[in-house]
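Here is work09.pdb, consisting of PDB, C-alpha atoms and all ligand atoms:
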```pdb
ATOM      1  CA  MET A  93      67.209 -17.992  34.695
ATOM      2  CA  LEU A  94      63.542 -17.850  35.702
ATOM      3  CA  SER A  95      61.400 -19.807  33.233
ATOM      4  CA  ILE A  96      57.951 -18.379  32.665
ATOM      5  CA  GLY A  97      54.692 -19.705  31.236
ATOM      6  CA  LEU A  98      51.890 -17.274  30.479
ATOM      7  CA  ILE A  99      48.118 -17.720  30.124
ATOM      8  CA  GLY A 100      46.243 -14.907  28.379
ATOM      9  CA  CYS A 101      47.820 -13.421  25.253
ATOM     10  CA  GLY A 102      45.790 -10.189  25.271
ATOM     11  CA  THR A 103      46.841  -6.685  26.284
ATOM     12  CA  ILE A 104      48.765  -7.371  29.507
ATOM     13  CA  GLY A 105      50.126 -10.735  28.308
ATOM     14  CA  THR A 106      51.543  -9.156  25.167
ATOM     15  CA  SER A 107      53.255  -6.365  27.156
ATOM     16  CA  ILE A 108      54.840  -8.913  29.498
ATOM     17  CA  CYS A 109      56.048 -11.136  26.668
ATOM     18  CA  LYS A 110      57.548  -8.157  24.825
ATOM     19  CA  ALA A 111      59.352  -7.105  28.028
ATOM     20  CA  ILE A 112      60.847 -10.596  28.354
ATOM     21  CA  ASP A 113      61.717 -10.623  24.660
ATOM     22  CA  ASP A 114      63.592  -7.309  24.771
ATOM     23  CA  GLY A 115      65.421  -8.147  28.025
ATOM     24  CA  THR A 116      63.543  -5.695  30.295
ATOM     25  CA  ILE A 117      62.582  -8.767  32.363
ATOM     26  CA  GLU A 118      65.459 -11.212  32.895
ATOM     27  CA  ALA A 119      63.617 -14.454  32.247
ATOM     28  CA  GLU A 120      62.968 -17.078  29.631
ATOM     29  CA  LEU A 121      59.523 -17.216  28.044
ATOM     30  CA  VAL A 122      59.022 -20.972  27.762
ATOM     31  CA  ALA A 123      55.319 -21.334  26.963
ATOM     32  CA  ILE A 124      52.174 -19.354  26.254
ATOM     33  CA  TYR A 125      48.480 -20.188  25.924
ATOM     34  CA  ASP A 126      45.193 -18.451  25.191
ATOM     35  CA  ARG A 127      41.757 -19.880  24.377
ATOM     36  CA  ASN A 128      41.726 -17.399  21.519
ATOM     37  CA  LEU A 129      44.281 -18.810  19.044
ATOM     38  CA  ASP A 130      44.313 -15.617  16.953
ATOM     39  CA  ASP A 131      45.689 -13.778  19.997
ATOM     40  CA  VAL A 132      48.404 -16.434  20.360
ATOM     41  CA  ASP A 133      49.465 -15.991  16.715
ATOM     42  CA  LYS A 134      49.378 -12.194  16.987
ATOM     43  CA  LEU A 135      51.580 -12.303  20.075
ATOM     44  CA  LEU A 136      54.054 -14.763  18.553
ATOM     45  CA  SER A 137      54.435 -12.473  15.528
ATOM     46  CA  THR A 138      55.566  -9.569  17.781
ATOM     47  CA  LEU A 139      58.422 -11.532  19.417
ATOM     48  CA  LYS A 140      61.914 -11.115  18.010
ATOM     49  CA  ARG A 141      64.078 -13.439  20.136
ATOM     50  CA  SER A 142      61.814 -15.609  22.314
ATOM     51  CA  LYS A 143      60.384 -18.784  20.856
ATOM     52  CA  PRO A 144      57.770 -19.939  23.379
ATOM     53  CA  GLN A 145      55.904 -23.186  22.803
ATOM     54  CA  VAL A 146      52.121 -23.058  22.670
ATOM     55  CA  MET A 147      50.861 -25.501  25.274
ATOM     56  CA  GLU A 148      47.945 -25.975  27.644
ATOM     57  CA  VAL A 149      48.417 -25.522  31.360
ATOM     58  CA  THR A 150      48.744 -29.229  32.289
ATOM     59  CA  GLU A 151      51.787 -29.521  30.013
ATOM     60  CA  MET A 152      53.071 -25.996  30.644
ATOM     61  CA  VAL A 153      53.455 -26.392  34.419
ATOM     62  CA  LYS A 154      55.882 -29.307  33.946
ATOM     63  CA  ASN A 155      58.306 -26.976  32.152
ATOM     64  CA  ILE A 156      58.299 -23.686  34.085
ATOM     65  CA  ASP A 157      59.154 -22.055  37.450
ATOM     66  CA  LEU A 158      56.443 -19.381  37.356
ATOM     67  CA  LEU A 159      52.995 -19.251  35.778
ATOM     68  CA  VAL A 160      51.639 -15.805  34.873
ATOM     69  CA  GLU A 161      47.861 -15.422  34.693
ATOM     70  CA  CYS A 162      46.623 -12.454  32.672
ATOM     71  CA  ALA A 163      43.422 -13.930  31.257
ATOM     72  CA  SER A 164      40.241 -13.706  33.364
ATOM     73  CA  GLN A 165      38.821 -14.485  36.800
ATOM     74  CA  GLU A 166      37.545 -17.853  35.534
ATOM     75  CA  ALA A 167      41.073 -18.725  34.413
ATOM     76  CA  VAL A 168      42.238 -18.341  38.023
ATOM     77  CA  TYR A 169      39.916 -21.239  38.992
ATOM     78  CA  GLU A 170      41.026 -23.305  35.998
ATOM     79  CA  ILE A 171      44.807 -22.940  36.114
ATOM     80  CA  ILE A 172      46.188 -21.729  39.437
ATOM     81  CA  PRO A 173      45.505 -24.889  41.515
ATOM     82  CA  SER A 174      47.178 -27.084  38.829
ATOM     83  CA  ALA A 175      50.207 -24.789  38.782
ATOM     84  CA  LEU A 176      50.599 -24.908  42.567
ATOM     85  CA  HIS A 177      50.170 -28.711  42.629
ATOM     86  CA  ALA A 178      53.065 -28.786  40.137
ATOM     87  CA  HIS A 179      55.191 -26.614  42.521
ATOM     88  CA  CYS A 180      55.130 -23.540  40.263
ATOM     89  CA  ASP A 181      55.001 -20.024  41.698
ATOM     90  CA  VAL A 182      52.177 -17.947  40.218
ATOM     91  CA  MET A 183      51.463 -14.307  39.412
ATOM     92  CA  ILE A 184      47.784 -13.374  39.160
ATOM     93  CA  MET A 185      46.285 -10.292  37.467
ATOM     94  CA  SER A 186      42.588 -11.286  37.712
ATOM     95  CA  VAL A 187      42.676 -10.782  41.475
ATOM     96  CA  GLY A 188      38.887 -10.308  41.663
ATOM     97  CA  ALA A 189      38.555 -14.102  41.719
ATOM     98  CA  PHE A 190      39.722 -13.914  45.346
ATOM     99  CA  SER A 191      36.394 -12.427  46.433
ATOM    100  CA  ASP A 192      35.520 -16.145  46.559
ATOM    101  CA  GLU A 193      36.823 -16.861  50.047
ATOM    102  CA  LYS A 194      36.886 -20.602  49.408
ATOM    103  CA  LEU A 195      39.132 -20.171  46.365
ATOM    104  CA  TYR A 196      41.403 -17.790  48.290
ATOM    105  CA  LYS A 197      41.796 -20.278  51.160
ATOM    106  CA  THR A 198      42.390 -23.204  48.778
ATOM    107  CA  ILE A 199      45.095 -21.314  46.887
ATOM    108  CA  LYS A 200      46.769 -20.144  50.095
ATOM    109  CA  GLU A 201      46.805 -23.702  51.480
ATOM    110  CA  LEU A 202      48.107 -25.157  48.204
ATOM    111  CA  ALA A 203      50.847 -22.524  48.073
ATOM    112  CA  LYS A 204      51.916 -23.362  51.634
ATOM    113  CA  GLU A 205      51.813 -27.133  51.080
ATOM    114  CA  ASN A 206      53.843 -26.902  47.870
ATOM    115  CA  LYS A 207      56.182 -24.134  49.126
ATOM    116  CA  CYS A 208      55.127 -21.763  46.351
ATOM    117  CA  LYS A 209      54.612 -18.007  46.198
ATOM    118  CA  VAL A 210      51.523 -16.227  44.839
ATOM    119  CA  TYR A 211      52.312 -12.739  43.510
ATOM    120  CA  LEU A 212      49.544 -10.138  43.129
ATOM    121  CA  PRO A 213      50.895  -6.972  41.442
ATOM    122  CA  SER A 214      49.576  -3.534  42.478
ATOM    123  CA  GLY A 215      48.013  -3.323  39.029
ATOM    124  CA  ALA A 216      46.391  -0.104  37.932
ATOM    125  CA  ILE A 217      46.473   1.623  41.338
ATOM    126  CA  VAL A 218      48.958   3.565  43.428
ATOM    127  CA  GLY A 219      49.226   3.621  47.215
ATOM    128  CA  LEU A 220      49.229  -0.072  48.099
ATOM    129  CA  ASP A 221      52.456   0.473  50.084
ATOM    130  CA  GLY A 222      50.677   2.944  52.402
ATOM    131  CA  LEU A 223      47.653   0.679  52.775
ATOM    132  CA  LYS A 224      49.851  -2.296  53.681
ATOM    133  CA  SER A 225      51.738  -0.219  56.255
ATOM    134  CA  ALA A 226      48.477   1.125  57.698
ATOM    135  CA  SER A 227      47.042  -2.390  58.027
ATOM    136  CA  ALA A 228      49.630  -3.256  60.681
ATOM    137  CA  GLU A 229      47.263  -1.286  62.973
ATOM    138  CA  LYS A 230      43.621  -0.174  62.920
ATOM    139  CA  ILE A 231      42.063   0.907  59.604
ATOM    140  CA  TYR A 232      38.647   2.576  59.913
ATOM    141  CA  SER A 233      37.660   2.863  56.253
ATOM    142  CA  VAL A 234      38.860   2.230  52.697
ATOM    143  CA  THR A 235      37.042   3.644  49.669
ATOM    144  CA  LEU A 236      37.897   3.146  45.996
ATOM    145  CA  THR A 237      36.331   5.538  43.503
ATOM    146  CA  THR A 238      36.896   4.453  39.906
ATOM    147  CA  GLN A 239      35.992   6.701  36.992
ATOM    148  CA  LYS A 240      36.233   5.427  33.440
ATOM    149  CA  PRO A 241      35.016   6.686  30.065
ATOM    150  CA  PRO A 242      31.760   4.752  29.384
ATOM    151  CA  ARG A 243      33.436   2.450  26.804
ATOM    152  CA  GLY A 244      35.816   1.320  29.580
ATOM    153  CA  LEU A 245      32.835  -0.340  31.299
ATOM    154  CA  ALA A 246      31.331  -1.973  28.201
ATOM    155  CA  GLY A 247      30.411  -5.635  28.476
ATOM    156  CA  ALA A 248      30.414  -5.791  32.301
ATOM    157  CA  PRO A 249      27.762  -8.203  33.667
ATOM    158  CA  TYR A 250      26.256  -5.355  35.775
ATOM    159  CA  ILE A 251      25.868  -3.134  32.699
ATOM    160  CA  ILE A 252      24.245  -5.945  30.706
ATOM    161  CA  ARG A 253      21.996  -7.141  33.562
ATOM    162  CA  ASN A 254      20.709  -3.624  34.242
ATOM    163  CA  LYS A 255      20.383  -2.799  30.519
ATOM    164  CA  ILE A 256      22.476   0.357  30.935
ATOM    165  CA  ASP A 257      22.984   2.052  27.573
ATOM    166  CA  LEU A 258      26.488   3.498  27.889
ATOM    167  CA  ASP A 259      26.082   5.472  24.644
ATOM    168  CA  LYS A 260      23.263   7.495  26.255
ATOM    169  CA  ILE A 261      25.396   8.682  29.178
ATOM    170  CA  THR A 262      26.107  12.364  28.557
ATOM    171  CA  GLY A 263      27.432  13.457  31.969
ATOM    172  CA  LYS A 264      29.312  12.067  34.964
ATOM    173  CA  THR A 265      27.094   9.241  36.274
ATOM    174  CA  VAL A 266      27.466   6.980  39.319
ATOM    175  CA  ILE A 267      26.844   3.475  37.965
ATOM    176  CA  PHE A 268      27.545   1.365  41.049
ATOM    177  CA  GLU A 269      28.083   1.780  44.780
ATOM    178  CA  GLY A 270      28.673  -1.166  47.074
ATOM    179  CA  PRO A 271      31.172  -3.452  48.769
ATOM    180  CA  ALA A 272      34.231  -4.718  46.868
ATOM    181  CA  SER A 273      32.807  -8.255  47.090
ATOM    182  CA  GLU A 274      29.938  -7.215  44.785
ATOM    183  CA  ALA A 275      31.963  -4.807  42.633
ATOM    184  CA  VAL A 276      34.471  -7.430  41.423
ATOM    185  CA  LYS A 277      31.661  -9.798  40.401
ATOM    186  CA  ALA A 278      29.583  -7.074  38.740
ATOM    187  CA  PHE A 279      32.642  -5.644  36.911
ATOM    188  CA  PRO A 280      35.105  -8.571  36.639
ATOM    189  CA  ALA A 281      37.254  -6.912  33.971
ATOM    190  CA  ASN A 282      37.116  -3.376  35.374
ATOM    191  CA  VAL A 283      37.885  -3.304  39.097
ATOM    192  CA  ASN A 284      40.213  -6.180  39.969
ATOM    193  CA  VAL A 285      42.054  -3.397  41.781
ATOM    194  CA  ALA A 286      39.225  -3.410  44.352
ATOM    195  CA  ALA A 287      40.222  -6.980  45.209
ATOM    196  CA  THR A 288      43.901  -6.123  45.607
ATOM    197  CA  ILE A 289      42.940  -3.233  47.902
ATOM    198  CA  SER A 290      40.625  -5.510  49.918
ATOM    199  CA  LEU A 291      43.335  -8.115  50.418
ATOM    200  CA  ALA A 292      45.889  -5.498  51.486
ATOM    201  CA  GLY A 293      43.448  -3.655  53.762
ATOM    202  CA  ILE A 294      40.177  -4.511  55.499
ATOM    203  CA  GLY A 295      38.631  -7.196  53.321
ATOM    204  CA  PHE A 296      35.992  -7.453  50.615
ATOM    205  CA  GLU A 297      32.932  -6.584  52.714
ATOM    206  CA  LYS A 298      34.271  -3.447  54.415
ATOM    207  CA  THR A 299      36.036  -1.973  51.361
ATOM    208  CA  LYS A 300      33.639   0.434  49.632
ATOM    209  CA  VAL A 301      33.628   0.870  45.851
ATOM    210  CA  LYS A 302      32.048   3.564  43.700
ATOM    211  CA  ILE A 303      32.144   3.224  39.904
ATOM    212  CA  VAL A 304      31.487   6.291  37.777
ATOM    213  CA  ALA A 305      31.048   6.533  33.999
ATOM    214  CA  ASN A 306      32.367   9.876  32.819
ATOM    215  CA  PRO A 307      32.174  10.705  29.092
ATOM    216  CA  ALA A 308      34.393  13.773  29.621
ATOM    217  CA  LEU A 309      37.349  11.513  30.449
ATOM    218  CA  THR A 310      39.959   9.949  28.214
ATOM    219  CA  ARG A 311      41.724   8.285  31.163
ATOM    220  CA  ASN A 312      40.851   5.694  33.834
ATOM    221  CA  ILE A 313      40.973   7.329  37.259
ATOM    222  CA  HIS A 314      41.313   5.387  40.526
ATOM    223  CA  GLU A 315      41.118   7.262  43.827
ATOM    224  CA  ILE A 316      41.754   5.433  47.091
ATOM    225  CA  SER A 317      40.917   7.044  50.438
ATOM    226  CA  VAL A 318      42.059   5.387  53.638
ATOM    227  CA  GLU A 319      41.426   6.391  57.269
ATOM    228  CA  GLY A 320      43.082   4.650  60.179
ATOM    229  CA  SER A 321      44.987   5.041  63.423
ATOM    230  CA  PHE A 322      47.964   6.272  61.326
ATOM    231  CA  GLY A 323      45.912   9.273  60.039
ATOM    232  CA  GLU A 324      44.477   9.389  56.510
ATOM    233  CA  PHE A 325      45.588   9.465  52.890
ATOM    234  CA  THR A 326      44.123   9.697  49.427
ATOM    235  CA  THR A 327      45.861   8.552  46.270
ATOM    236  CA  ARG A 328      44.717   9.322  42.750
ATOM    237  CA  VAL A 329      46.036   7.984  39.497
ATOM    238  CA  GLU A 330      44.941   9.077  36.020
ATOM    239  CA  ASN A 331      45.749   6.099  33.832
ATOM    240  CA  VAL A 332      46.180   5.995  30.095
ATOM    241  CA  PRO A 333      43.941   3.140  28.890
ATOM    242  CA  SER A 334      45.679   0.398  26.899
ATOM    243  CA  PRO A 335      45.034   1.029  23.188
ATOM    244  CA  SER A 336      44.106  -2.636  22.590
ATOM    245  CA  ASN A 337      41.778  -2.875  25.630
ATOM    246  CA  PRO A 338      40.309   0.385  27.010
ATOM    247  CA  LYS A 339      39.105  -1.458  30.153
ATOM    248  CA  SER A 340      42.711  -2.104  31.228
ATOM    249  CA  SER A 341      45.037   0.747  32.127
ATOM    250  CA  TYR A 342      48.569   0.703  30.765
ATOM    251  CA  LEU A 343      49.906   1.005  34.338
ATOM    252  CA  ALA A 344      48.533  -2.520  35.002
ATOM    253  CA  SER A 345      50.866  -3.901  32.315
ATOM    254  CA  LEU A 346      53.780  -1.917  33.726
ATOM    255  CA  SER A 347      52.991  -3.156  37.225
ATOM    256  CA  ALA A 348      53.075  -6.778  36.041
ATOM    257  CA  ILE A 349      56.433  -6.126  34.373
ATOM    258  CA  ALA A 350      57.772  -4.441  37.542
ATOM    259  CA  THR A 351      56.705  -7.412  39.694
ATOM    260  CA  LEU A 352      58.519  -9.843  37.407
ATOM    261  CA  ARG A 353      61.647  -7.644  37.360
ATOM    262  CA  LYS A 354      61.586  -7.559  41.170
ATOM    263  CA  LEU A 355      61.771 -11.358  41.272
ATOM    264  CA  ALA A 356      65.153 -11.266  39.537
ATOM    265  CA  ASP A 357      66.513  -8.434  41.724
ATOM    266  CA  PRO A 358      68.344  -9.242  44.995
ATOM    267  CA  ILE A 359      67.514  -5.763  46.378
ATOM    268  CA  GLN A 360      63.832  -5.255  47.266
ATOM    269  CA  THR A 361      62.748  -1.610  47.569
ATOM    270  CA  GLY A 362      59.456  -0.535  49.128
ATOM    271  CA  THR A 363      56.907  -2.192  51.405
TER     272      THR A 363
HETATM  273  N1  LIG B   1      44.963  -6.288  38.745
HETATM  274  C1  LIG B   1      44.782  -5.219  37.976
HETATM  275  O1  LIG B   1      45.052  -4.074  38.342
HETATM  276  C2  LIG B   1      44.232  -5.380  36.613
HETATM  277  C3  LIG B   1      43.754  -6.589  36.198
HETATM  278  N2  LIG B   1      43.272  -6.743  34.947
HETATM  279  C4  LIG B   1      42.794  -8.070  34.582
HETATM  280  O2  LIG B   1      43.883  -8.789  33.989
HETATM  281  C5  LIG B   1      43.360  -9.739  33.042
HETATM  282  C6  LIG B   1      44.033  -9.528  31.671
HETATM  283  O3  LIG B   1      43.743  -8.229  31.204
HETATM  284  P1  LIG B   1      43.940  -7.837  29.668
HETATM  285  O4  LIG B   1      45.221  -8.376  29.166
HETATM  286  O5  LIG B   1      43.672  -6.392  29.561
HETATM  287  O6  LIG B   1      42.736  -8.652  28.998
HETATM  288  P2  LIG B   1      42.527  -9.025  27.458
HETATM  289  O7  LIG B   1      41.055  -9.217  27.286
HETATM  290  O8  LIG B   1      43.216  -8.047  26.587
HETATM  291  O9  LIG B   1      43.270 -10.437  27.301
HETATM  292  C7  LIG B   1      42.871 -11.574  27.996
HETATM  293  C8  LIG B   1      43.080 -12.769  27.095
HETATM  294  O10 LIG B   1      42.941 -13.959  27.884
HETATM  295  C9  LIG B   1      42.031 -14.847  27.234
HETATM  296  N3  LIG B   1      41.362 -15.679  28.226
HETATM  297  C10 LIG B   1      40.378 -15.328  29.095
HETATM  298  N4  LIG B   1      40.034 -16.366  29.859
HETATM  299  C11 LIG B   1      40.815 -17.411  29.494
HETATM  300  C12 LIG B   1      40.913 -18.757  29.912
HETATM  301  N5  LIG B   1      40.111 -19.229  30.867
HETATM  302  N6  LIG B   1      41.841 -19.572  29.317
HETATM  303  C13 LIG B   1      42.633 -19.089  28.342
HETATM  304  N7  LIG B   1      42.584 -17.807  27.877
HETATM  305  C14 LIG B   1      41.679 -16.982  28.444
HETATM  306  C15 LIG B   1      41.072 -13.919  26.522
HETATM  307  O11 LIG B   1      40.378 -14.602  25.500
HETATM  308  P3  LIG B   1      38.913 -14.040  25.025
HETATM  309  O12 LIG B   1      39.213 -12.868  24.160
HETATM  310  O13 LIG B   1      38.339 -15.219  24.320
HETATM  311  O14 LIG B   1      38.168 -13.671  26.263
HETATM  312  C16 LIG B   1      42.028 -12.865  25.971
HETATM  313  O15 LIG B   1      42.637 -13.280  24.775
HETATM  314  C17 LIG B   1      41.836  -9.502  32.993
HETATM  315  O16 LIG B   1      41.180 -10.385  33.878
HETATM  316  C18 LIG B   1      41.715  -8.074  33.529
HETATM  317  O17 LIG B   1      40.453  -7.809  34.066
HETATM  318  C19 LIG B   1      43.267  -5.712  34.048
HETATM  319  C20 LIG B   1      43.724  -4.481  34.411
HETATM  320  C21 LIG B   1      44.169  -4.197  35.749
HETATM  321  O1  LIG B   2      43.120  -1.199  34.496
HETATM  322  C1  LIG B   2      42.350  -0.629  35.271
HETATM  323  O2  LIG B   2      42.144   0.610  35.287
HETATM  324  C2  LIG B   2      41.647  -1.415  36.327
HETATM  325  C3  LIG B   2      41.069  -2.664  35.835
HETATM  326  O3  LIG B   2      40.688  -2.813  34.692
HETATM  327  C4  LIG B   2      40.917  -3.734  36.810
HETATM  328  O4  LIG B   2      41.293  -3.533  37.990
HETATM  329  O5  LIG B   2      40.407  -4.799  36.438
END
```
The structure in this file should be written as structure tokens.
Amino acid sequence: MLSIGLIGCGTIGTSICKAIDDGTIEAELVAIYDRNLDDVDKLLSTLKRSKPQVMEVTEMVKNIDLLVECASQEAVYEIIPSALHAHCDVMIMSVGAFSDEKLYKTIKELAKENKCKVYLPSGAIVGLDGLKSASAEKIYSVTLTTQKPPRGLAGAPYIIRNKIDLDKITGKTVIFEGPASEAVKAFPANVNVAATISLAGIGFEKTKVKIVANPALTRNIHEISVEGSFGEFTTRVENVPSPSNPKSSYLASLSAIATLRKLADPIQTGT
């Protein structure tokens, strides 16, 4: 059975661990870690059958087949290279870290050298299958428009740097427009999906991102528009935010769970 170690015991990490614990994912949860020890304790208290050890990544990677990152972009720098050196496969949620081309190349090389796989779930978006198919030929443009209730953007470096008072936003307001390369740095906990789209499509510089704060919303909306030699499509998802972290949509947790279930399934459906 697949043995899993997980870094980041917050919203997504807890959903994944519960899904392993209740058998939705056929795997063994061997180890968990979070820099916030209260989150570790909270997570442990929700598990009924699994008894993961709490251990740091250097120890964890000696005991697992697959490391799951659901922590932060900085954690990708800290833990993924060690995991690959130790011949572990990895699943990454904080995909925005890959806007750093050097990191992306290093991880790809390490994965090849150590015969490991790097899994990047679709996360909080829909339509990645179409984008991947379209990228076999010419794509002319890709645009992501993300709308969140203002509290779903709280704490982002761009909001802090520009002293944007989210409480004063009373109508639909465009907060940011620019390439995905800038968006994932300005909003590292809000639009990792822009990175996943960039990697599947036309890259971080050509992928356009618009971020809108909309106080009329209770959901996180992601719209992707793609034009290419295949024709054009637009996808739109209205995501329920996770109760414990309004920045992260619940679909992101479900997508992580689906990716892990796929690993145990001999039949692979979809592009
Ligand atoms: N690909 C996608 O579609 C999506 C990706 N995400 C991303 O997935 C990641 C997890 O999301 P979510 O579960 O909602 O986040 P949470 O904030 O709920 O949980 C993350 C946990 O990881 C901890 N953590 C952060 N950095 C490190 C580190 N370097 N080492 C150890 N622990 C660390 C945090 O601690 P502390 O509280 O101290 O920061 C926190 O306890 C985030 O980066 C998020 O932006 C989210 C939604 C969609
Ligand atoms: O969950 C979402 O709606 C998207 C998100 O936070 C991210 O991509 O980082």
* Could you name the residues that touch Thr235 of chain A at 7 Å or less, counting only C-alpha atoms, but leaving out those on the same chain fewer than 3 positions away, as a ChimeraX atom specification? -> /A:299-301,316-318
Step by step: start from the point (46.3, 1.2, 58.6) in the file's coordinates, keep every protein, DNA or RNA residue that has an atom no farther than 9 Å from it, count all atoms listed in the file, and write the set as a compact mmCIF listing (two decimals) with C-alpha atoms, keeping the file's coordinate frame.
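Once written, point_21.txt looks like this:
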```txt
# COMPACT_ATOMS: atom_id res chain seq x y z
CA GLY A 222 50.68 2.94 52.40
CA LEU A 223 47.65 0.68 52.78
CA LYS A 224 49.85 -2.30 53.68
CA SER A 225 51.74 -0.22 56.26
CA ALA A 226 48.48 1.12 57.70
CA SER A 227 47.04 -2.39 58.03
CA ALA A 228 49.63 -3.26 60.68
CA GLU A 229 47.26 -1.29 62.97
CA LYS A 230 43.62 -0.17 62.92
CA ILE A 231 42.06 0.91 59.60
CA TYR A 232 38.65 2.58 59.91
CA GLY A 293 43.45 -3.66 53.76
CA ILE A 294 40.18 -4.51 55.50
CA VAL A 318 42.06 5.39 53.64
CA GLU A 319 41.43 6.39 57.27
CA GLY A 320 43.08 4.65 60.18
CA SER A 321 44.99 5.04 63.42
CA PHE A 322 47.96 6.27 61.33
CA GLY A 323 45.91 9.27 60.04
CA GLU A 324 44.48 9.39 56.51
```
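Remark: for Thr363 of chain A, the closest of the candidate residues A:Leu176, A:Leu220, A:Val329, A:Leu212 is A:Leu220 (distances computed over all atoms listed in the file).
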Picked residues, the PyMOL selection byres (((chain A and resi 121) around 9) and not hetatm), expected as a PDB file with C-alpha atoms, keeping the file's coordinate frame:
```pdb
ATOM      1  CA  LEU A  94      63.542 -17.850  35.702  1.00  0.00           C
ATOM      2  CA  SER A  95      61.400 -19.807  33.233  1.00  0.00           C
ATOM      3  CA  ILE A  96      57.951 -18.379  32.665  1.00  0.00           C
ATOM      4  CA  GLY A  97      54.692 -19.705  31.236  1.00  0.00           C
ATOM      5  CA  LEU A  98      51.890 -17.274  30.479  1.00  0.00           C
ATOM      6  CA  CYS A 109      56.048 -11.136  26.668  1.00  0.00           C
ATOM      7  CA  ILE A 112      60.847 -10.596  28.354  1.00  0.00           C
ATOM      8  CA  ASP A 113      61.717 -10.623  24.660  1.00  0.00           C
ATOM      9  CA  ALA A 119      63.617 -14.454  32.247  1.00  0.00           C
ATOM     10  CA  GLU A 120      62.968 -17.078  29.631  1.00  0.00           C
ATOM     11  CA  VAL A 122      59.022 -20.972  27.762  1.00  0.00           C
ATOM     12  CA  ALA A 123      55.319 -21.334  26.963  1.00  0.00           C
ATOM     13  CA  ILE A 124      52.174 -19.354  26.254  1.00  0.00           C
ATOM     14  CA  SER A 142      61.814 -15.609  22.314  1.00  0.00           C
ATOM     15  CA  LYS A 143      60.384 -18.784  20.856  1.00  0.00           C
ATOM     16  CA  PRO A 144      57.770 -19.939  23.379  1.00  0.00           C
ATOM     17  CA  GLN A 145      55.904 -23.186  22.803  1.00  0.00           C
ATOM     18  CA  ILE A 156      58.299 -23.686  34.085  1.00  0.00           C
TER      19      ILE A 156
END
```
Grab me every residue within 6 Å of ligand LIG 2 (chain B), counting all atoms listed in the file, and send it over as a PDB file with C-alpha atoms, in the frame of the given file.
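Written out: selection03.pdb:
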```pdb
ATOM      1  CA  ALA A 216      46.391  -0.104  37.932  1.00  0.00           C
ATOM      2  CA  ALA A 281      37.254  -6.912  33.971  1.00  0.00           C
ATOM      3  CA  ASN A 282      37.116  -3.376  35.374  1.00  0.00           C
ATOM      4  CA  VAL A 283      37.885  -3.304  39.097  1.00  0.00           C
ATOM      5  CA  ASN A 284      40.213  -6.180  39.969  1.00  0.00           C
ATOM      6  CA  VAL A 285      42.054  -3.397  41.781  1.00  0.00           C
ATOM      7  CA  ASN A 312      40.851   5.694  33.834  1.00  0.00           C
ATOM      8  CA  LYS A 339      39.105  -1.458  30.153  1.00  0.00           C
ATOM      9  CA  SER A 340      42.711  -2.104  31.228  1.00  0.00           C
ATOM     10  CA  SER A 341      45.037   0.747  32.127  1.00  0.00           C
ATOM     11  CA  ALA A 344      48.533  -2.520  35.002  1.00  0.00           C
TER      12      ALA A 344
END
```
Could you list, with a cut-off of 7 Å and counting all atoms listed in the file, the residues of chain A near ligand LIG 1 (chain B), each shown with its nearest atom pair and the distance in Å rounded to one decimal, rows sorted by chain and ascending number, as CSV?
```
residue,atom,partner,partner_atom,distance
A:Ile99,CA,B:LIG1,C13,5.9
A:Gly100,CA,B:LIG1,O10,3.5
A:Cys101,CA,B:LIG1,C8,5.1
A:Gly102,CA,B:LIG1,O9,3.2
A:Thr103,CA,B:LIG1,O4,3.7
A:Ile104,CA,B:LIG1,O4,3.7
A:Gly105,CA,B:LIG1,O4,5.5
A:Tyr125,CA,B:LIG1,C13,6.4
A:Asp126,CA,B:LIG1,N7,3.8
A:Arg127,CA,B:LIG1,C13,4.1
A:Asn128,CA,B:LIG1,O13,4.9
A:Asp131,CA,B:LIG1,O15,5.7
A:Cys162,CA,B:LIG1,C6,4.0
A:Ala163,CA,B:LIG1,O10,3.4
A:Ser164,CA,B:LIG1,O16,3.5
A:Gln165,CA,B:LIG1,O16,5.6
A:Glu166,CA,B:LIG1,N5,5.5
A:Ala167,CA,B:LIG1,N5,3.7
A:Glu170,CA,B:LIG1,N5,6.6
A:Met185,CA,B:LIG1,N1,4.4
A:Ser186,CA,B:LIG1,O16,4.2
A:Val187,CA,B:LIG1,N1,5.7
A:Pro213,CA,B:LIG1,N1,6.6
A:Ser214,CA,B:LIG1,O1,6.2
A:Gly215,CA,B:LIG1,O1,3.1
A:Ala216,CA,B:LIG1,O1,4.2
A:Ile217,CA,B:LIG1,O1,6.6
A:Pro280,CA,B:LIG1,O17,6.0
A:Ala281,CA,B:LIG1,O17,3.3
A:Asn282,CA,B:LIG1,O17,5.7
A:Asn284,CA,B:LIG1,N1,4.9
A:Val285,CA,B:LIG1,O1,4.6
A:Thr288,CA,B:LIG1,N1,6.9
A:Ser336,CA,B:LIG1,O8,6.8
A:Asn337,CA,B:LIG1,O8,5.5
A:Lys339,CA,B:LIG1,O5,6.7
A:Ser340,CA,B:LIG1,C20,4.1
A:Ser341,CA,B:LIG1,C20,5.9
A:Ala344,CA,B:LIG1,C21,4.7
```
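Interatomic distance, atom CA of Met183 of chain A against atom CA of Leu158 of chain A: 7.4 Å.
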